[in-house]
Amino acid sequence: MFMQFKNIESAFKHIRFFSLAFLMGNIAICCYSIYRSSQVIRSGQQKIYVLLNSKLLDATAIDRSDSLNVEISDHVKMFHYYFYSLEPDEE
């Protein structure tokens with residue numbers, strides 16, 4: 001089984017091959033773990049938690065342009081509500 005290790009040159013070639021294979025495997029595992037951890041961190045930064053009346057609420061961060069239409073329509077609705085429900089000043 002270990003007959004190739006009796007010759008010093010072939011033993012050195014085998015050890016070098018196994019060492020390089022081990023090194024490449026470790027580099028691949030490290031690169032994958034760095035990539036995966038950066039993905040997890042990036043996805044974790046998209047969530048925030050809000051505490052409201054002793055209840056924990058989960059909120060997700062979105063771009064401002066995604067919610068701009070909703071904010072504008074609410075702003076116009078509230079403006080009309082306050083403008084038309086305003087009582088006239090007698091003076």
# chains A, B, ... in the order shown; residues from 1 in each chain; ligands from 1
$ select_by_dssp --residues "chain A" --states "alpha helix (DSSP H)" --output "PyMOL selection string"
chain A and resi 8-44+64-84
$ residues_around --residues "Thr60 (chain A)" --least-positions-apart "3" --cutoff "8 Å" --atoms "only C-alpha atoms" --output "PyMOL selection string"
chain A and resi 46-48
$ closest_residue --among "A:Cys31, A:Ala59, A:Lys77, A:Leu86" --to "Gly44 (chain A)" --atoms "only C-alpha atoms"
A:Ala59
$ select_by_dssp --residues "chain A" --states "strand (DSSP E or B)" --output "list in words"
Lys47, Ile48, Tyr49, Val50, Leu51, Leu52, Lys55, Leu56, Leu57, Asp58, Ala59 and Thr60 of chain A
$ write_last_selection --atoms "N, CA, C and O atoms" --output "PDB file, in the first residue's frame"
ATOM      1  N   LYS A  47     -33.438  44.240   7.483  1.00  0.00           N
ATOM      2  CA  LYS A  47     -34.530  44.107   8.440  1.00  0.00           C
ATOM      3  C   LYS A  47     -34.255  44.976   9.654  1.00  0.00           C
ATOM      4  O   LYS A  47     -33.127  45.081  10.121  1.00  0.00           O
ATOM      5  N   ILE A  48     -35.320  45.583  10.152  1.00  0.00           N
ATOM      6  CA  ILE A  48     -35.234  46.314  11.411  1.00  0.00           C
ATOM      7  C   ILE A  48     -36.399  45.845  12.280  1.00  0.00           C
ATOM      8  O   ILE A  48     -37.414  45.363  11.773  1.00  0.00           O
ATOM      9  N   TYR A  49     -36.240  45.995  13.556  1.00  0.00           N
ATOM     10  CA  TYR A  49     -37.267  45.581  14.493  1.00  0.00           C
ATOM     11  C   TYR A  49     -37.740  46.805  15.267  1.00  0.00           C
ATOM     12  O   TYR A  49     -36.936  47.607  15.732  1.00  0.00           O
ATOM     13  N   VAL A  50     -39.056  46.948  15.381  1.00  0.00           N
ATOM     14  CA  VAL A  50     -39.663  48.085  16.051  1.00  0.00           C
ATOM     15  C   VAL A  50     -40.420  47.572  17.264  1.00  0.00           C
ATOM     16  O   VAL A  50     -41.179  46.605  17.170  1.00  0.00           O
ATOM     17  N   LEU A  51     -40.226  48.225  18.403  1.00  0.00           N
ATOM     18  CA  LEU A  51     -40.929  47.866  19.628  1.00  0.00           C
ATOM     19  C   LEU A  51     -42.075  48.844  19.819  1.00  0.00           C
ATOM     20  O   LEU A  51     -41.861  50.044  19.983  1.00  0.00           O
ATOM     21  N   LEU A  52     -43.314  48.350  19.765  1.00  0.00           N
ATOM     22  CA  LEU A  52     -44.494  49.187  19.870  1.00  0.00           C
ATOM     23  C   LEU A  52     -45.438  48.566  20.880  1.00  0.00           C
ATOM     24  O   LEU A  52     -45.937  47.456  20.681  1.00  0.00           O
ATOM     25  N   LYS A  55     -44.686  45.087  21.979  1.00  0.00           N
ATOM     26  CA  LYS A  55     -44.768  44.080  20.928  1.00  0.00           C
ATOM     27  C   LYS A  55     -43.640  44.339  19.939  1.00  0.00           C
ATOM     28  O   LYS A  55     -43.376  45.475  19.565  1.00  0.00           O
ATOM     29  N   LEU A  56     -43.004  43.288  19.536  1.00  0.00           N
ATOM     30  CA  LEU A  56     -41.903  43.389  18.591  1.00  0.00           C
ATOM     31  C   LEU A  56     -42.431  43.214  17.173  1.00  0.00           C
ATOM     32  O   LEU A  56     -43.034  42.201  16.842  1.00  0.00           O
ATOM     33  N   LEU A  57     -42.212  44.231  16.344  1.00  0.00           N
ATOM     34  CA  LEU A  57     -42.672  44.202  14.965  1.00  0.00           C
ATOM     35  C   LEU A  57     -41.470  44.129  14.042  1.00  0.00           C
ATOM     36  O   LEU A  57     -40.450  44.765  14.283  1.00  0.00           O
ATOM     37  N   ASP A  58     -41.614  43.367  12.988  1.00  0.00           N
ATOM     38  CA  ASP A  58     -40.548  43.211  12.000  1.00  0.00           C
ATOM     39  C   ASP A  58     -40.845  44.126  10.821  1.00  0.00           C
ATOM     40  O   ASP A  58     -41.929  44.089  10.249  1.00  0.00           O
ATOM     41  N   ALA A  59     -39.872  44.950  10.449  1.00  0.00           N
ATOM     42  CA  ALA A  59     -40.030  45.840   9.306  1.00  0.00           C
ATOM     43  C   ALA A  59     -38.865  45.603   8.353  1.00  0.00           C
ATOM     44  O   ALA A  59     -37.751  45.323   8.777  1.00  0.00           O
ATOM     45  N   THR A  60     -39.145  45.714   7.074  1.00  0.00           N
ATOM     46  CA  THR A  60     -38.088  45.536   6.090  1.00  0.00           C
ATOM     47  C   THR A  60     -37.777  46.883   5.452  1.00  0.00           C
ATOM     48  O   THR A  60     -38.662  47.704   5.231  1.00  0.00           O
TER      49      THR A  60
END
